[in-house]
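J.: Just so it is clear, I am handing over structure07.txt, which has compact mmCIF, C-alpha atoms and all ligand atoms.
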# COMPACT_ATOMS: atom_id res chain seq x y z
CA MET R 20 34.54 13.78 25.60
CA ARG R 21 35.30 10.09 25.00
CA MET R 22 36.97 9.05 21.75
CA ARG R 23 37.70 5.36 22.23
CA SER R 24 36.55 4.32 18.77
CA LEU R 25 36.71 6.27 15.52
CA LEU R 26 35.09 4.49 12.58
CA TYR R 27 36.25 5.38 9.08
CA VAL R 28 33.43 5.44 6.53
CA PRO R 29 34.25 6.17 2.87
CA GLY R 30 32.36 9.34 1.88
CA SER R 31 31.47 7.68 -1.42
CA SER R 32 29.65 4.68 0.08
CA PRO R 33 25.93 5.28 0.70
CA ARG R 34 25.60 1.66 1.91
CA PHE R 35 28.13 2.23 4.72
CA LEU R 36 27.02 5.80 5.49
CA GLU R 37 23.37 4.78 5.89
CA LYS R 38 23.91 2.63 9.01
CA ALA R 39 27.16 4.07 10.36
CA HIS R 40 25.34 5.83 13.23
CA GLU R 41 24.11 2.44 14.53
CA ARG R 42 27.62 1.01 15.00
CA GLY R 43 28.33 2.54 18.44
CA ALA R 44 31.47 4.48 17.51
CA ASP R 45 32.34 7.51 19.62
CA ALA R 46 33.38 9.29 16.43
CA ILE R 47 32.78 8.73 12.74
CA ILE R 48 35.40 9.82 10.21
CA ILE R 49 33.85 10.45 6.81
CA ASP R 50 36.74 9.82 4.46
CA LEU R 51 37.24 11.94 1.36
CA GLU R 52 40.85 10.80 0.95
CA ASP R 53 42.31 7.36 0.26
CA ALA R 54 39.14 5.26 0.58
CA VAL R 55 37.50 7.33 -2.18
CA ALA R 56 38.41 6.75 -5.83
CA ALA R 57 39.73 9.80 -7.69
CA ASN R 58 36.68 9.97 -9.97
CA GLU R 59 34.31 9.93 -6.98
CA LYS R 60 35.96 12.62 -4.88
CA ASP R 61 33.95 15.57 -6.22
CA ALA R 62 30.67 13.74 -5.69
CA ALA R 63 31.68 12.67 -2.15
CA ARG R 64 32.51 16.30 -1.30
CA ALA R 65 29.25 17.55 -2.82
CA ALA R 66 27.31 14.99 -0.75
CA LEU R 67 29.01 15.94 2.52
CA GLY R 68 26.07 17.94 3.90
CA ARG R 69 23.80 14.90 3.55
CA SER R 70 26.49 12.48 4.77
CA VAL R 71 27.27 14.48 7.93
CA ALA R 72 23.57 14.74 8.81
CA MET R 73 23.11 11.00 8.16
CA VAL R 74 26.03 9.70 10.24
CA GLY R 75 25.38 12.24 13.01
CA ARG R 76 21.98 10.79 13.91
CA GLY R 77 23.37 8.68 16.78
CA GLY R 78 25.24 11.51 18.52
CA ALA R 79 28.79 10.50 17.50
CA GLN R 80 31.39 13.20 16.92
CA ILE R 81 31.63 13.82 13.18
CA ILE R 82 35.06 14.23 11.63
CA VAL R 83 35.91 14.60 7.94
CA ARG R 84 39.19 13.33 6.51
CA ILE R 85 40.12 15.80 3.80
CA ASN R 86 42.53 15.48 0.87
CA THR R 87 45.88 17.21 1.17
CA HIS R 88 47.53 16.07 -2.08
CA ASP R 89 46.67 19.38 -3.77
CA VAL R 90 45.88 22.68 -2.15
CA PRO R 91 42.64 23.57 -4.02
CA ALA R 92 41.16 20.14 -3.16
CA MET R 93 42.26 20.50 0.46
CA LEU R 94 40.69 23.94 0.86
CA ALA R 95 37.49 22.89 -0.92
CA ASP R 96 37.16 19.79 1.30
CA ALA R 97 37.75 21.83 4.45
CA ALA R 98 35.16 24.44 3.43
CA ALA R 99 32.63 21.72 2.60
CA ALA R 100 33.22 20.04 5.98
CA CYS R 101 32.71 23.37 7.73
CA GLU R 102 29.51 24.07 5.82
CA ALA R 103 28.25 20.54 6.51
CA GLY R 104 28.64 21.08 10.27
CA ALA R 105 31.45 18.59 10.97
CA GLN R 106 33.13 19.05 14.33
CA ALA R 107 36.68 18.27 13.27
CA LEU R 108 39.02 17.57 10.37
CA TYR R 109 41.30 14.55 10.08
CA ILE R 110 44.23 15.94 8.14
CA PRO R 111 46.37 13.29 6.42
CA LYS R 112 50.03 13.39 5.39
CA VAL R 113 50.93 16.32 7.63
CA SER R 114 54.71 16.86 7.45
CA SER R 115 54.90 20.23 9.23
CA PRO R 116 52.55 22.65 11.02
CA ASP R 117 52.39 24.89 7.90
CA VAL R 118 49.35 23.11 6.52
CA LEU R 119 47.52 23.56 9.83
CA HIS R 120 48.14 27.31 9.75
CA ARG R 121 46.94 27.43 6.15
CA LEU R 122 43.71 25.62 7.03
CA ASP R 123 43.19 27.72 10.14
CA ALA R 124 43.44 30.92 8.10
CA HIS R 125 41.12 29.52 5.42
CA LEU R 126 38.43 28.40 7.87
CA ARG R 127 38.39 31.35 10.23
CA PRO R 128 36.37 33.76 7.98
CA LEU R 129 34.03 30.96 6.89
CA GLU R 130 33.27 30.04 10.49
CA GLU R 131 32.82 33.66 11.50
CA ALA R 132 30.47 34.39 8.58
CA ALA R 133 28.36 31.33 9.38
CA ASN R 134 28.64 31.83 13.16
CA ARG R 135 29.97 28.27 13.53
CA GLN R 136 32.21 26.85 16.23
CA ALA R 137 35.84 26.45 15.21
CA MET R 138 36.50 23.01 13.74
CA ARG R 139 39.29 21.16 15.54
CA PHE R 140 42.17 19.38 13.82
CA ALA R 141 43.54 15.84 14.12
CA PRO R 142 46.74 15.66 12.05
CA LEU R 143 47.74 12.27 10.71
CA ILE R 144 51.50 11.77 10.49
CA GLU R 145 52.45 9.57 7.57
CA ASP R 146 56.07 10.19 6.58
CA PRO R 147 59.51 10.57 8.20
CA ALA R 148 59.46 14.39 7.95
CA GLY R 149 56.16 14.47 9.85
CA LEU R 150 57.59 12.06 12.39
CA LEU R 151 60.55 14.34 13.09
CA ASN R 152 58.22 17.37 13.28
CA ALA R 153 55.61 15.61 15.46
CA ALA R 154 56.11 17.91 18.46
CA SER R 155 55.55 21.11 16.45
CA ILE R 156 52.60 19.54 14.60
CA ALA R 157 51.00 18.56 17.93
CA ALA R 158 51.42 22.14 19.13
CA GLY R 159 49.82 23.57 15.96
CA PRO R 160 46.55 25.52 15.78
CA ARG R 161 43.29 23.75 16.71
CA VAL R 162 45.02 20.39 17.27
CA PHE R 163 43.11 18.12 19.66
CA ALA R 164 44.60 14.74 18.70
CA LEU R 165 47.52 13.15 16.91
CA SER R 166 47.89 9.80 15.20
CA ALA R 167 50.08 7.88 12.79
CA GLY R 168 48.99 6.52 9.43
CA GLY R 169 50.84 3.23 9.58
CA GLU R 170 50.24 2.17 5.99
CA ASP R 171 51.46 5.42 4.44
CA LEU R 172 54.26 5.75 6.97
CA ALA R 173 55.65 2.33 6.04
CA THR R 174 55.18 3.01 2.34
CA SER R 175 56.95 6.38 2.53
CA MET R 176 59.96 4.67 4.09
CA GLY R 177 60.08 1.73 1.68
CA ALA R 178 59.15 -0.49 4.63
CA GLN R 179 56.50 -3.06 5.44
CA PRO R 180 53.84 -2.14 8.04
CA THR R 181 54.85 -4.88 10.46
CA PRO R 182 54.41 -4.29 14.21
CA GLU R 183 58.22 -4.10 14.58
CA VAL R 184 58.52 -1.40 11.89
CA LEU R 185 55.61 0.66 13.22
CA ARG R 186 56.31 0.44 16.94
CA VAL R 187 58.99 3.12 17.32
CA PRO R 188 57.43 5.75 15.00
CA LYS R 189 53.99 5.23 16.50
CA LEU R 190 55.43 5.65 19.99
CA MET R 191 57.32 8.80 18.95
CA ILE R 192 54.06 10.30 17.67
CA HIS R 193 52.27 9.16 20.82
CA TYR R 194 54.86 10.88 23.03
CA ALA R 195 54.58 14.07 20.96
CA ALA R 196 50.80 14.01 21.56
CA LYS R 197 51.27 13.49 25.29
CA ALA R 198 53.87 16.26 25.52
CA ALA R 199 51.42 18.67 23.86
CA GLY R 200 48.52 17.49 26.04
CA VAL R 201 46.38 16.34 23.11
CA LEU R 202 44.66 13.01 22.56
CA SER R 203 46.65 10.14 21.09
CA PHE R 204 44.90 7.63 18.81
CA GLY R 205 46.33 4.35 17.60
CA LEU R 206 47.50 0.81 18.12
CA LEU R 207 51.12 -0.26 17.84
CA ARG R 208 50.32 -2.25 14.70
CA SER R 209 48.48 -1.80 11.41
CA THR R 210 44.68 -1.73 11.57
CA ALA R 211 44.34 -3.32 8.12
CA ASP R 212 43.93 -6.86 9.51
CA TYR R 213 40.61 -6.13 11.17
CA ALA R 214 39.36 -9.72 11.23
CA ASP R 215 41.94 -11.12 13.69
CA ARG R 216 39.98 -10.33 16.86
CA GLN R 217 42.41 -11.97 19.25
CA ALA R 218 45.38 -10.00 17.94
CA LEU R 219 43.27 -6.84 17.94
CA ALA R 220 42.19 -7.30 21.56
CA ALA R 221 45.84 -7.81 22.59
CA ALA R 222 46.93 -4.72 20.63
CA ILE R 223 44.16 -2.63 22.20
CA ALA R 224 45.13 -3.77 25.72
CA GLU R 225 48.75 -2.87 24.96
CA ALA R 226 47.78 0.56 23.58
CA LYS R 227 45.66 1.27 26.65
CA ASP R 228 48.65 0.41 28.89
CA PHE R 229 50.75 2.90 26.92
CA GLY R 230 48.15 5.62 27.49
CA PHE R 231 46.63 5.82 24.01
CA ASP R 232 43.13 7.31 24.26
CA GLY R 233 41.44 5.38 21.46
CA ALA R 234 42.00 4.16 17.91
CA THR R 235 40.54 4.37 14.43
CA CYS R 236 39.10 1.33 12.67
CA ILE R 237 37.89 0.57 9.18
CA HIS R 238 35.17 -1.98 9.99
CA PRO R 239 32.23 -1.77 12.43
CA SER R 240 33.06 -5.18 13.93
CA VAL R 241 36.08 -3.53 15.62
CA VAL R 242 34.07 -0.77 17.35
CA PRO R 243 32.89 -2.84 20.35
CA LEU R 244 36.45 -4.11 20.90
CA LEU R 245 37.75 -0.53 21.00
CA ASN R 246 34.95 0.73 23.25
CA GLU R 247 35.50 -2.06 25.72
CA GLY R 248 39.28 -2.15 25.46
CA PHE R 249 39.78 1.60 25.95
CA SER R 250 37.32 1.76 28.88
CA PRO R 251 38.40 1.01 32.43
CA SER R 252 37.12 -2.43 33.48
CA PRO R 253 34.70 -2.78 36.46
CA GLU R 254 37.55 -4.37 38.46
CA GLU R 255 39.85 -1.43 37.69
CA ILE R 256 37.15 1.03 38.73
CA GLU R 257 36.46 -0.78 42.00
CA ARG R 258 40.16 -1.00 42.85
CA ALA R 259 40.67 2.71 42.03
CA ARG R 260 37.79 3.64 44.37
CA ARG R 261 39.24 1.54 47.21
CA LEU R 262 42.71 2.97 46.61
CA ILE R 263 41.44 6.57 46.70
CA ASP R 264 39.53 5.87 49.95
CA ALA R 265 42.73 4.46 51.44
CA ALA R 266 44.72 7.46 50.14
CA ASP R 267 42.22 9.91 51.67
CA GLN R 268 42.50 8.17 55.03
CA ALA R 269 46.30 8.14 54.80
CA ASP R 270 46.23 11.82 53.89
CA GLN R 271 44.14 12.66 56.96
CA ALA R 272 46.63 10.73 59.07
CA GLY R 273 49.47 12.74 57.52
CA ILE R 274 50.89 9.76 55.61
CA GLY R 275 52.08 10.24 52.01
CA ALA R 276 53.19 6.72 51.12
CA PHE R 277 51.57 3.49 52.27
CA THR R 278 50.92 -0.12 51.35
CA PHE R 279 47.60 -0.91 49.69
CA GLU R 280 46.56 -4.52 48.99
CA GLY R 281 50.18 -5.60 49.13
CA LYS R 282 51.56 -2.83 46.90
CA PHE R 283 53.32 0.47 47.51
CA VAL R 284 51.25 3.62 46.86
CA ASP R 285 52.26 7.28 46.66
CA ARG R 286 51.07 10.40 44.83
CA PRO R 287 51.43 9.38 41.12
CA ILE R 288 49.63 6.13 41.79
CA VAL R 289 46.74 8.01 43.41
CA THR R 290 46.72 10.48 40.52
CA ARG R 291 46.47 7.54 38.10
CA ALA R 292 43.54 6.10 40.03
CA ARG R 293 41.72 9.46 39.93
CA ALA R 294 42.39 9.75 36.17
CA LEU R 295 40.97 6.27 35.65
CA LEU R 296 37.77 7.23 37.49
CA ALA R 297 37.51 10.42 35.44
CA ARG R 298 37.84 8.35 32.25
CA ALA R 299 35.21 5.90 33.50
CA ALA R 300 32.83 8.81 34.09
CA GLY R 301 33.23 9.75 30.41
C1 LIG R 401 37.20 -3.11 4.59
C2 LIG R 401 35.93 -2.99 3.79
C3 LIG R 401 36.26 -2.78 2.32
C4 LIG R 401 35.11 -4.28 3.94
O1 LIG R 401 33.93 -4.13 3.15
P1 LIG R 401 32.86 -5.29 3.06
O2 LIG R 401 33.55 -6.59 2.82
O3 LIG R 401 31.80 -4.88 2.09
O4 LIG R 401 32.25 -5.30 4.52
P2 LIG R 401 31.29 -6.33 5.19
O5 LIG R 401 30.51 -7.08 4.18
O6 LIG R 401 32.06 -7.15 6.17
O7 LIG R 401 30.30 -5.38 5.99
C5 LIG R 401 29.50 -5.86 7.05
C6 LIG R 401 28.52 -4.78 7.44
O8 LIG R 401 29.21 -3.65 7.91
C7 LIG R 401 28.97 -2.52 7.10
N1 LIG R 401 30.25 -1.81 6.96
C8 LIG R 401 31.41 -2.31 6.54
N2 LIG R 401 32.40 -1.42 6.63
C9 LIG R 401 31.82 -0.31 7.11
C10 LIG R 401 32.34 0.97 7.46
N3 LIG R 401 33.64 1.27 7.28
N4 LIG R 401 31.51 1.86 7.98
C11 LIG R 401 30.20 1.58 8.16
N5 LIG R 401 29.64 0.39 7.86
C12 LIG R 401 30.45 -0.54 7.35
C13 LIG R 401 28.41 -3.06 5.80
O9 LIG R 401 27.56 -2.11 5.23
C14 LIG R 401 27.69 -4.28 6.28
O10 LIG R 401 26.46 -3.90 6.86
P3 LIG R 401 25.09 -4.41 6.28
O11 LIG R 401 25.00 -3.72 4.95
O12 LIG R 401 24.07 -3.96 7.27
O13 LIG R 401 25.20 -5.90 6.17
C15 LIG R 401 35.05 -1.83 4.32
O14 LIG R 401 34.77 -2.10 5.67
C16 LIG R 401 35.64 -0.45 4.15
O15 LIG R 401 35.62 0.09 3.07
N6 LIG R 401 36.08 0.13 5.23
C17 LIG R 401 36.57 1.51 5.26
C18 LIG R 401 37.93 1.63 4.61
C19 LIG R 401 38.49 3.01 4.83
O16 LIG R 401 37.79 3.94 5.16
N7 LIG R 401 39.80 3.16 4.64
C20 LIG R 401 40.47 4.42 4.84
C21 LIG R 401 40.92 4.61 6.24
S1 LIG R 401 42.30 3.69 6.75
C22 LIG R 401 43.63 4.48 6.00
O17 LIG R 401 43.47 5.26 5.13
C23 LIG R 401 44.97 4.14 6.46
C24 LIG R 401 45.84 5.30 6.92
O18 LIG R 401 45.68 6.48 6.23
C25 LIG R 401 47.24 4.81 6.80
O19 LIG R 401 48.01 5.30 5.97
O20 LIG R 401 47.57 3.88 7.58
MG MG R 402 47.22 7.07 4.99
Take the structure in the file and give it back as structure tokens.

T.:
Amino acid sequence: MRMRSLLYVPGSSPRFLEKAHERGADAIIIDLEDAVAANEKDAARAALGRSVAMVGRGGAQIIVRINTHDVPAMLADAAAACEAGAQALYIPKVSSPDVLHRLDAHLRPLEEAANRQAMRFAPLIEDPAGLLNAASIAAGPRVFALSAGGEDLATSMGAQPTPEVLRVPKLMIHYAAKAAGVLSFGLLRSTADYADRQALAAAIAEAKDFGFDGATCIHPSVVPLLNEGFSPSPEEIERARRLIDAADQADQAGIGAFTFEGKFVDRPIVTRARALLARAAG
């Protein structure tokens, strides 16, 4: 399943929710957390059934970002997301796997009673404790993806969310995701400056080179950039096909390493080409 673009939509904004399914995002994250004012959170949760149905009309994966600042709110959000038919939870401010176990135990009987598929978890790491526990968080129950919340991460450290500040923590979280074999979402910079398209395109190209699978965004204008940027280009696909043909011929001739279009090729390079074609196939 492709998850190049994940569009955040505040769960309290009917104007945004109404057309979110037309924006082309692979996944839509209905936010109940920081984009929703405190006095609107109960109403956003109560409306979740309608919101999930509305944003799901285009076939995107539907994810709900729950609150984790207090346990009753967290459990109520998770139960509402389950009842609404969301496929996954975005779980903010995860500092250790404990919260994932708590949610897993809470959801299991609800899912069984309603005969629903298990919702998957995407923890969001947003403080230094979470950063240092990233490997155990990535290996937690139901986890399918990991990402960093750059704004909260910087804030929790008394830092500014500049690319220099965010680069190392975001890469640490990325490597934890890769070590656990789960998806890794993000860019090596803050996503708050969504209007600078040139900088965004460069950041997306960089993230793709690092092996990130996709990224979240807060505005629909970024979705096409993510979809294009995290997809293999036609040139990359053509080259991968030629390289695999050449590798198959070399294999039949009993040759493991060879020169292809002026460059050295051996097994990991062929594996990379096959992975690129698999990604292109969706
Ligand atoms: C950033 C925004 C507040 C901008 O809002 P606004 O100025 O009203 O947008 P536009 O006028 O440019 O909108 C143009 C059209 O696009 C639609 N729109 C805009 N945003 C969205 C959206 N997110 N989803 C769906 N549709 C959207 C408008 O309706 C307009 O369409 P039309 O009506 O047809 O003309 C706003 O974009 C926004 O609120 N974005 C979401 C913010 C959010 O969810 N933030 C939380 C996630 S990020 C985070 O929490 C950080 C992380 O945790 C960390 O710590 O780093
Ligand atoms: Mg945050």

J.: Using all atoms listed in the file, find each residue of chain R with at least one atom at most 6 Å away from an atom of ligand MG 402 (chain R); report its shortest atom-to-atom pair and that distance in Å (one decimal), sort the rows by chain and rising residue number, and return the result as a Markdown table.

T.:
| residue | atom | partner | partner_atom | distance |
| --- | --- | --- | --- | --- |
| R:Gly168 | CA | R:MG402 | MG | 4.8 |
| R:Glu170 | CA | R:MG402 | MG | 5.8 |
| R:Asp171 | CA | R:MG402 | MG | 4.6 |

J.: Once 4 Å is added on each side, what centre and edge lengths in Å to one decimal does the axis-aligned box around all listed atoms of ligand LIG 401 (chain R) have, as AutoDock Vina command-line options?

T.:
--center_x 36.0 --center_y -0.3 --center_z 5.1 --size_x 31.9 --size_y 21.6 --size_z 14.1

J.: Quick one: of R:Ser115, R:Thr278, R:Thr210, R:Gln106, who's nearest to ligand LIG 401 (chain R), counting only C-alpha atoms and all ligand atoms?

T.: R:Thr210

J.: Counting all atoms listed in the file, which residue out of R:Gly75, R:Gly104, R:Pro33, R:Gly200 sits closest to Ala137 in chain R?

T.: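 Selected residue with least distance to Ala137 in chain R: R:Gly104.
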
J.: Would you list the residues that come within 9 Å of ligand LIG 401 (chain R)? Count all atoms listed in the file and give the answer as a count of residues only.

T.: 50

J.: Kindly give the distance, in Å, that separates CA of Asp285 in chain R and CA of Ala198 in chain R, rounded to a single decimal.

T.: 23.0 Å

J.: Between CA of Met138 in chain R and CA of Ala95 in chain R, what distance in Å does the model show, to one decimal?

T.: 14.7 Å

J.: Find the residues near Asp146 in chain R: any atom within 6 Å, counting all atoms listed in the file, skip ones fewer than 2 places away on the same chain, and give them as a list in words.

T.: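 Residues meeting the cut-off are Ala148, Gly149, Leu172 and Ser175 of chain R.
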